[in-house]
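Student: Data: data.txt, compact mmCIF, C-alpha atoms.
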```txt
# COMPACT_ATOMS: atom_id res chain seq x y z
CA MET Z 24 -17.74 9.61 -11.55
CA LEU Z 25 -18.27 5.84 -11.39
CA ASP Z 26 -16.96 2.84 -13.30
CA ALA Z 27 -18.54 -0.59 -13.64
CA PHE Z 28 -16.98 -1.71 -10.34
CA SER Z 29 -17.84 1.33 -8.26
CA ARG Z 30 -21.36 1.27 -9.70
CA ALA Z 31 -21.79 -2.22 -8.22
CA VAL Z 32 -20.36 -1.01 -4.90
CA VAL Z 33 -22.61 2.04 -4.70
CA SER Z 34 -25.73 -0.03 -5.33
CA ALA Z 35 -24.63 -2.66 -2.78
CA ASP Z 36 -23.96 0.07 -0.22
CA ALA Z 37 -27.52 1.35 -0.60
CA SER Z 38 -28.69 -1.86 1.12
CA THR Z 39 -25.57 -2.26 3.36
CA GLN Z 40 -24.80 -5.58 1.73
CA CYS Z 41 -21.60 -6.99 0.30
CA VAL Z 42 -21.29 -7.01 -3.47
CA THR Z 43 -22.61 -10.46 -4.28
CA ASP Z 44 -23.33 -10.43 -8.04
CA LEU Z 45 -19.71 -10.62 -9.10
CA ASP Z 46 -20.34 -12.58 -12.29
CA ALA Z 47 -20.93 -9.49 -14.44
CA LEU Z 48 -17.72 -7.94 -13.10
CA LYS Z 49 -15.77 -11.13 -13.74
CA GLU Z 50 -17.04 -10.99 -17.32
CA PHE Z 51 -15.89 -7.37 -17.49
CA VAL Z 52 -12.42 -8.46 -16.33
CA ALA Z 53 -12.33 -11.40 -18.74
CA GLN Z 54 -13.20 -9.10 -21.66
CA GLY Z 55 -10.87 -6.34 -20.49
CA ASN Z 56 -8.55 -6.49 -23.46
CA ARG Z 57 -11.44 -6.28 -25.90
CA ARG Z 58 -12.62 -3.14 -24.17
CA LEU Z 59 -9.16 -1.57 -24.27
CA ASP Z 60 -8.83 -2.42 -27.96
CA ALA Z 61 -12.23 -0.87 -28.59
CA VAL Z 62 -11.29 2.35 -26.81
CA ASN Z 63 -8.03 2.39 -28.74
CA ALA Z 64 -9.92 1.89 -32.02
CA ILE Z 65 -12.07 4.93 -31.30
CA ALA Z 66 -9.21 7.10 -30.00
CA SER Z 67 -6.93 6.24 -32.92
CA ASN Z 68 -9.56 7.09 -35.53
CA ALA Z 69 -11.15 9.99 -33.68
CA SER Z 70 -10.32 12.89 -35.97
CA CYS Z 71 -11.34 10.92 -39.06
CA MET Z 72 -14.59 9.82 -37.41
CA VAL Z 73 -15.49 13.34 -36.33
CA SER Z 74 -14.75 15.03 -39.64
CA ASP Z 75 -16.58 12.34 -41.60
CA ALA Z 76 -19.59 12.53 -39.30
CA ILE Z 77 -19.84 16.31 -39.63
CA ALA Z 78 -19.22 16.13 -43.39
CA GLY Z 79 -21.92 13.47 -43.71
CA MET Z 80 -24.37 15.56 -41.73
CA ILE Z 81 -23.71 18.54 -44.02
CA CYS Z 82 -23.93 16.50 -47.23
CA GLU Z 83 -27.43 15.45 -46.21
CA ASN Z 84 -28.42 19.00 -45.34
CA GLN Z 85 -26.58 21.54 -47.50
CA GLY Z 86 -28.46 24.41 -45.91
CA LEU Z 87 -26.13 24.16 -42.93
CA ILE Z 88 -23.23 25.72 -44.86
CA GLN Z 89 -25.20 28.38 -46.69
CA ALA Z 90 -25.53 31.88 -45.26
CA GLY Z 91 -27.69 31.64 -42.17
CA GLY Z 92 -26.97 27.94 -41.72
CA ASN Z 93 -25.58 26.69 -38.44
CA CYS Z 94 -22.24 25.62 -39.94
CA TYR Z 95 -21.69 28.97 -41.69
CA PRO Z 96 -19.20 30.67 -41.49
CA ASN Z 97 -16.00 28.76 -40.65
CA ARG Z 98 -16.14 29.86 -37.02
CA ARG Z 99 -19.37 27.92 -36.48
CA MET Z 100 -18.17 24.98 -38.55
CA ALA Z 101 -15.11 24.81 -36.29
CA ALA Z 102 -17.36 24.88 -33.22
CA CYS Z 103 -19.38 22.03 -34.72
CA LEU Z 104 -16.26 19.91 -35.30
CA ARG Z 105 -15.06 20.65 -31.79
CA ASP Z 106 -18.39 19.57 -30.28
CA GLY Z 107 -18.36 16.37 -32.31
CA GLU Z 108 -14.95 15.56 -30.89
CA ILE Z 109 -16.08 16.34 -27.35
CA VAL Z 110 -19.06 13.98 -27.62
CA LEU Z 111 -16.90 11.22 -29.05
CA ARG Z 112 -14.30 11.76 -26.32
CA TYR Z 113 -16.84 11.37 -23.52
CA VAL Z 114 -18.28 8.28 -25.19
CA SER Z 115 -14.76 6.82 -25.23
CA TYR Z 116 -14.41 7.60 -21.50
CA ALA Z 117 -17.75 5.91 -20.79
CA LEU Z 118 -16.70 2.87 -22.79
CA LEU Z 119 -13.41 2.68 -20.89
CA ALA Z 120 -15.16 2.96 -17.53
CA GLY Z 121 -18.00 0.62 -18.50
CA ASP Z 122 -20.47 3.10 -17.06
CA ALA Z 123 -22.33 6.10 -18.48
CA SER Z 124 -21.95 8.35 -15.43
CA VAL Z 125 -18.99 10.32 -16.81
CA LEU Z 126 -20.88 10.92 -20.07
CA ASP Z 127 -24.03 11.99 -18.21
CA ASP Z 128 -22.36 14.22 -15.63
CA ARG Z 129 -19.72 15.92 -17.69
CA CYS Z 130 -21.15 16.04 -21.20
CA LEU Z 131 -24.91 15.54 -21.47
CA ASN Z 132 -26.04 17.38 -18.35
CA GLY Z 133 -27.56 20.61 -19.68
CA LEU Z 134 -26.35 20.03 -23.23
CA LYS Z 135 -29.85 20.05 -24.71
CA GLU Z 136 -30.67 23.36 -23.01
CA THR Z 137 -27.35 24.87 -24.12
CA TYR Z 138 -27.94 23.85 -27.72
CA ALA Z 139 -31.51 25.15 -27.61
CA ALA Z 140 -30.23 28.51 -26.30
CA LEU Z 141 -27.55 28.68 -29.00
CA GLY Z 142 -30.00 27.67 -31.73
CA VAL Z 143 -28.13 24.48 -32.65
CA PRO Z 144 -30.54 22.18 -34.55
CA ALA Z 145 -31.08 18.97 -32.54
CA THR Z 146 -31.91 16.83 -35.58
CA SER Z 147 -28.60 17.62 -37.31
CA THR Z 148 -26.64 17.00 -34.10
CA ALA Z 149 -28.41 13.67 -33.61
CA ARG Z 150 -27.59 12.71 -37.22
CA ALA Z 151 -23.88 13.42 -36.70
CA VAL Z 152 -23.89 11.31 -33.53
CA GLN Z 153 -25.68 8.54 -35.42
CA ILE Z 154 -22.93 8.53 -38.04
CA MET Z 155 -20.28 8.35 -35.31
CA LYS Z 156 -22.19 5.44 -33.77
CA ALA Z 157 -21.99 3.51 -37.03
CA GLN Z 158 -18.30 4.39 -37.44
CA ALA Z 159 -17.49 3.32 -33.88
CA ALA Z 160 -19.19 -0.03 -34.46
CA ALA Z 161 -17.24 -0.52 -37.70
CA HIS Z 162 -13.92 0.34 -36.07
CA ILE Z 163 -14.49 -1.78 -32.96
CA LYS Z 164 -15.44 -4.73 -35.19
CA ASP Z 165 -12.47 -3.73 -37.36
CA GLN Z 166 -14.76 -4.06 -40.37
CA PRO Z 167 -14.81 -0.58 -41.92
CA SER Z 168 -16.83 -0.43 -45.14
CA GLU Z 169 -14.50 -0.97 -48.08
CA ALA Z 170 -17.09 0.40 -50.50
CA LEU Z 171 -17.46 3.69 -48.62
CA ALA Z 172 -13.90 4.21 -47.40
CA GLY Z 173 -12.21 3.49 -50.72
CA ALA Z 174 -8.54 4.42 -50.73
CA ARG Z 175 -8.77 5.79 -47.17
CA LEU Z 176 -9.66 2.38 -45.72
CA ARG Z 177 -7.91 1.93 -42.40
CA LYS Z 178 -7.89 -1.20 -40.28
CA MET Z 179 -6.61 -1.57 -36.73
CA GLY Z 180 -5.43 -5.12 -37.34
CA SER Z 181 -5.95 -6.14 -33.71
CA PRO Z 182 -6.60 -9.84 -33.08
CA GLU Z 183 -10.06 -10.86 -34.27
CA THR Z 184 -12.55 -12.54 -31.98
CA ALA Z 185 -15.21 -14.91 -33.22
CA ASP Z 186 -18.13 -12.62 -32.40
CA ARG Z 187 -16.27 -9.42 -33.40
CA CYS Z 188 -16.68 -8.05 -29.87
CA ALA Z 189 -20.47 -7.95 -30.21
CA SER Z 190 -21.05 -7.10 -26.55
CA ILE Z 191 -18.62 -4.15 -26.62
CA VAL Z 192 -20.16 -2.90 -29.89
CA ALA Z 193 -23.61 -3.04 -28.27
CA GLU Z 194 -22.33 -1.20 -25.22
CA ALA Z 195 -20.67 1.54 -27.29
CA SER Z 196 -23.84 1.90 -29.36
CA SER Z 197 -25.86 2.32 -26.18
CA TYR Z 198 -23.67 5.30 -25.16
CA PHE Z 199 -24.24 6.96 -28.55
CA ASP Z 200 -27.98 6.29 -28.20
CA ARG Z 201 -27.80 7.93 -24.80
CA VAL Z 202 -26.38 11.08 -26.40
CA ILE Z 203 -29.08 11.06 -29.08
CA SER Z 204 -31.90 10.64 -26.59
CA ALA Z 205 -30.43 13.34 -24.33
CA LEU Z 206 -30.51 15.80 -27.25
CA SER Z 207 -34.01 15.09 -28.51
CA MET K 14 -15.29 7.11 -6.38
CA LYS K 15 -11.55 6.84 -6.78
CA SER K 16 -10.31 3.87 -8.79
CA VAL K 17 -7.71 3.36 -11.48
CA VAL K 18 -10.22 3.95 -14.28
CA THR K 19 -11.74 7.10 -12.78
CA THR K 20 -8.27 8.51 -12.06
CA VAL K 21 -7.23 7.90 -15.65
CA VAL K 22 -10.42 9.40 -17.08
CA THR K 23 -10.19 12.45 -14.81
CA ALA K 24 -6.62 13.11 -15.94
CA ALA K 25 -7.49 12.62 -19.62
CA ASP K 26 -10.52 14.88 -19.29
CA ALA K 27 -8.52 17.62 -17.57
CA ALA K 28 -6.15 17.59 -20.55
CA GLY K 29 -9.04 17.32 -23.04
CA ARG K 30 -7.57 14.31 -24.84
CA PHE K 31 -8.75 10.86 -25.79
CA PRO K 32 -7.53 7.94 -23.64
CA SER K 33 -3.88 7.52 -24.63
CA SER K 34 -2.02 4.25 -24.79
CA SER K 35 -0.44 4.92 -21.40
CA ASP K 36 -3.93 5.44 -19.97
CA LEU K 37 -4.98 2.11 -21.43
CA GLN K 38 -1.85 0.48 -19.97
CA SER K 39 -2.80 1.72 -16.50
CA VAL K 40 -6.28 0.23 -16.83
CA GLN K 41 -4.80 -2.98 -18.18
CA GLY K 42 -2.60 -3.22 -15.07
CA SER K 43 -5.65 -2.91 -12.86
CA ILE K 44 -7.59 -5.50 -14.85
CA GLN K 45 -4.72 -7.97 -14.62
CA ARG K 46 -4.92 -7.95 -10.85
CA ALA K 47 -8.71 -7.89 -10.82
CA ALA K 48 -9.12 -11.67 -10.96
CA ALA K 49 -7.35 -12.06 -7.60
CA ARG K 50 -9.36 -9.21 -6.12
CA MET K 51 -12.62 -10.76 -7.33
CA GLU K 52 -11.62 -14.06 -5.72
CA ALA K 53 -10.96 -12.35 -2.39
CA ALA K 54 -14.16 -10.30 -2.65
CA GLU K 55 -16.26 -13.36 -3.36
CA LYS K 56 -14.73 -15.32 -0.48
CA LEU K 57 -15.12 -12.40 1.92
CA ALA K 58 -18.74 -11.79 0.89
CA GLY K 59 -19.57 -15.41 1.60
CA ASN K 60 -17.92 -15.49 5.02
CA ILE K 61 -18.23 -11.93 6.25
CA ASP K 62 -20.31 -12.87 9.30
CA ALA K 63 -17.76 -15.44 10.50
CA VAL K 64 -14.78 -13.15 9.74
CA ALA K 65 -16.35 -10.22 11.58
CA LYS K 66 -17.39 -12.39 14.55
CA GLU K 67 -13.90 -13.83 14.94
CA ALA K 68 -12.28 -10.41 14.73
CA TYR K 69 -14.76 -8.98 17.23
CA ASP K 70 -14.23 -11.85 19.68
CA ALA K 71 -10.46 -11.50 19.36
CA CYS K 72 -10.52 -7.77 20.03
CA ILE K 73 -12.72 -8.19 23.13
CA ALA K 74 -10.47 -11.01 24.36
CA ALA K 75 -7.45 -8.74 23.92
CA ASN K 76 -9.19 -5.81 25.62
CA PRO K 77 -11.33 -7.37 28.40
CA TYR K 78 -11.74 -3.99 30.13
CA LEU K 79 -14.29 -3.13 27.42
CA ASN K 80 -16.81 -5.39 29.21
CA ASP K 81 -16.65 -3.32 32.42
CA ALA K 82 -19.61 -1.18 33.35
CA GLY K 83 -19.64 2.05 31.38
CA GLN K 84 -17.19 0.80 28.77
CA ALA K 85 -17.86 0.45 25.06
CA ASN K 86 -18.81 -3.25 25.14
CA SER K 87 -20.71 -3.30 28.45
CA THR K 88 -24.33 -3.83 27.37
CA ASP K 89 -25.97 -6.04 24.76
CA THR K 90 -26.77 -3.01 22.66
CA PHE K 91 -23.13 -1.90 22.78
CA LYS K 92 -21.94 -5.42 21.98
CA SER K 93 -24.10 -5.65 18.87
CA LYS K 94 -22.95 -2.20 17.80
CA CYS K 95 -19.27 -3.13 18.25
CA HIS K 96 -19.83 -6.25 16.20
CA ARG K 97 -21.66 -4.22 13.56
CA ASP K 98 -18.78 -1.75 13.35
CA ILE K 99 -16.26 -4.51 12.68
CA LYS K 100 -18.55 -5.97 10.04
CA HIS K 101 -18.88 -2.48 8.58
CA TYR K 102 -15.11 -2.28 8.13
CA MET K 103 -15.03 -5.74 6.55
CA ARG K 104 -17.79 -4.75 4.14
CA LEU K 105 -15.91 -1.61 3.11
CA ILE K 106 -12.82 -3.73 2.55
CA GLN K 107 -14.91 -5.98 0.32
CA TYR K 108 -15.99 -2.90 -1.64
CA CYS K 109 -12.35 -1.83 -2.00
CA LEU K 110 -11.51 -5.27 -3.35
CA VAL K 111 -14.26 -4.89 -5.95
CA VAL K 112 -13.31 -1.34 -6.94
CA GLY K 113 -9.57 -1.98 -6.98
CA GLY K 114 -8.78 1.11 -4.93
CA THR K 115 -9.26 2.53 -1.47
CA GLY K 116 -12.12 4.84 -2.48
CA PRO K 117 -14.88 3.15 -0.43
CA LEU K 118 -12.76 2.99 2.74
CA ASP K 119 -11.64 6.60 2.27
CA GLU K 120 -15.09 8.01 1.60
CA TRP K 121 -17.29 5.90 3.86
CA GLY K 122 -14.95 4.59 6.55
CA ILE K 123 -12.05 6.91 7.22
CA ALA K 124 -13.36 10.39 6.41
CA GLY K 125 -14.70 11.80 9.68
CA SER K 126 -14.02 8.67 11.71
CA ARG K 127 -11.66 10.50 14.07
CA GLU K 128 -14.35 13.05 14.93
CA VAL K 129 -17.04 10.38 15.35
CA TYR K 130 -14.94 8.17 17.63
CA ARG K 131 -13.90 11.15 19.70
CA ALA K 132 -17.48 12.41 20.01
CA LEU K 133 -18.74 8.96 21.06
CA ASN K 134 -15.72 8.45 23.33
CA LEU K 135 -14.78 5.19 21.57
CA PRO K 136 -11.22 3.88 21.85
CA THR K 137 -9.55 3.04 18.52
CA PRO K 138 -7.00 0.43 19.76
CA PRO K 139 -9.70 -2.31 19.94
CA TYR K 140 -10.57 -1.65 16.28
CA VAL K 141 -6.89 -2.01 15.46
CA ALA K 142 -6.79 -5.25 17.47
CA ALA K 143 -9.80 -6.63 15.57
CA LEU K 144 -8.44 -5.71 12.15
CA SER K 145 -4.95 -6.95 13.06
CA PHE K 146 -6.44 -10.29 14.05
CA ALA K 147 -8.17 -10.50 10.64
CA ARG K 148 -4.91 -9.37 9.02
CA ASN K 149 -3.01 -12.29 10.53
CA ARG K 150 -5.80 -14.84 10.34
CA GLY K 151 -5.79 -15.31 6.56
CA CYS K 152 -3.81 -18.28 5.39
CA THR K 153 -2.87 -19.36 1.90
CA PRO K 154 -3.85 -21.64 0.24
CA ARG K 155 -6.42 -22.65 2.89
CA ASP K 156 -8.43 -19.42 2.60
CA LEU K 157 -7.31 -17.66 -0.55
CA SER K 158 -4.74 -17.85 -3.30
CA PRO K 159 -1.50 -15.96 -2.50
CA GLN K 160 -2.26 -12.95 -4.70
CA ALA K 161 -5.83 -12.66 -3.41
CA LEU K 162 -4.61 -12.80 0.19
CA THR K 163 -2.04 -10.10 -0.56
CA GLU K 164 -4.72 -7.78 -1.91
CA TYR K 165 -6.98 -8.48 1.09
CA ASN K 166 -4.20 -7.97 3.64
CA ALA K 167 -3.05 -4.75 1.98
CA LEU K 168 -6.51 -3.26 2.47
CA LEU K 169 -6.66 -4.41 6.10
CA ASP K 170 -3.27 -2.74 6.63
CA TYR K 171 -4.63 0.42 5.06
CA ALA K 172 -7.60 0.42 7.47
CA ILE K 173 -5.31 -0.32 10.44
CA ASN K 174 -2.98 2.55 9.50
CA SER K 175 -5.91 4.93 9.25
CA LEU K 176 -6.90 4.11 12.84
CA SER K 177 -3.50 4.15 14.47
```
For this file, produce the structure as structure tokens.
Tutor:
Amino acid sequence: MLDAFSRAVVSADASTQCVTDLDALKEFVAQGNRRLDAVNAIASNASCMVSDAIAGMICENQGLIQAGGNCYPNRRMAACLRDGEIVLRYVSYALLAGDASVLDDRCLNGLKETYAALGVPATSTARAVQIMKAQAAAHIKDQPSEALAGARLRKMGSPETADRCASIVAEASSYFDRVISALS
Amino acid sequence: MKSVVTTVVTAADAAGRFPSSSDLQSVQGSIQRAAARMEAAEKLAGNIDAVAKEAYDACIAANPYLNDAGQANSTDTFKSKCHRDIKHYMRLIQYCLVVGGTGPLDEWGIAGSREVYRALNLPTPPYVAALSFARNRGCTPRDLSPQALTEYNALLDYAINSLS
């Protein structure tokens, strides 16, 4: 498993050079608190994000919870919720490390083949991950949709930055995209 | 590669939980010291040739027997290899400064070094002499800020301890 720093070291070692491009790492250090807040935003809202993502996926495709659907009966629905949480957990690890290696090695490696063998529909899985991607962006920006959340609106209330942590949002989105492309 | 972040993630993953606030605190602690480490890493990267040359010269001066026929520093080829080895250690220390842990030294410098040095019949005290010279050469604030020098010296001490 690598993080942003050891990734730089491993690529420098390939050419037996010192790590010379330290600017990106200095930026990582300077934005460290944003990253930690972002990971905290995901971890603190995880169960809500997962259940909403799975519920959203099912609302768009009711066949999943009818007899023969992949979220029927409860046992398979529970497995679906568990998998949603696992994906989100590995994305949070990747975001904390600043590198996708933990997500690739421990979550995505062989996931597509496993799902194909179990008959899990890739399009529905990708849709649930897409919903989590949008939720993660909203929580990291601390701008959850008031129209959609209604009475359940929940804000982290962490200090706001001018650009609403745009670079961290983009990075988190890239990890969700990585999951989607690994599944399809 | 062992670092604070990978240690934290490994522990969280083994327990199957999201990063907790104590995990985030650990990472925060590492990030706080990262600025000093980056300073030391940048300085070392820019001057690694001079640092390695000085340390190499000092270790040969302290162990002149190495120049005798049949010894480890007797031919030009051996001399360049000795110099390369010292530079190798300095480069690994630079990696450790970047990573914020001893992972690079452990994995690429220390693991198996005993066997290699024994097989090649190389003495370790000259390596210790070279690294000790580098350890005592750094001066604050001429070379580095106090915190950066502390981080750099701690890693040199770690390498010295592994060899002695």
Student: Smallest atom-to-atom distance to Met80 (chain Z): which of Z:Ala149, Z:Ala157, Z:Cys41, Z:Leu111, using all atoms listed in the file?
Tutor: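 Answer, going by the shortest atom-to-atom distance: Z:Ala149.
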Student: Please return, as number ranges by chain, all residues of chain K lying within 9 Å of chain Z when all atoms listed in the file are considered.
Tutor: K: 14-16, 18-19, 22-23, 25-26, 29-34, 37-38, 40-41, 44-45, 47-48, 51, 54-55, 57-59, 61, 101, 104-105, 107-109, 111-113, 116-117
Student: Considering all atoms listed in the file, return as a list of chain:residue names whatever protein or nucleic-acid residues lie within 6 Å of region 137-142 of chain K, sequence-local ones (same chain, fewer than 2 positions apart) excluded.
Tutor: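 Everything that qualifies: K:Cys72, K:Leu144, K:Ser145, K:Ile173.
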Student: Could you pull the residues within 7 Å of region 201-206 of chain Z, counting all atoms listed in the file, minus those fewer than 6 positions along the same chain, as number ranges by chain?
Tutor: Z: 131, 135, 145, 149, 152
Student: When you look at Ser181 (chain Z) with a cut-off of 10 Å (counting only C-alpha atoms), what residues show up, excluding the ones that are within fewer than 3 positions of it in the same chain? I need them as a ChimeraX atom specification.
Tutor: /Z:57,60-61,64,163-165,178,184
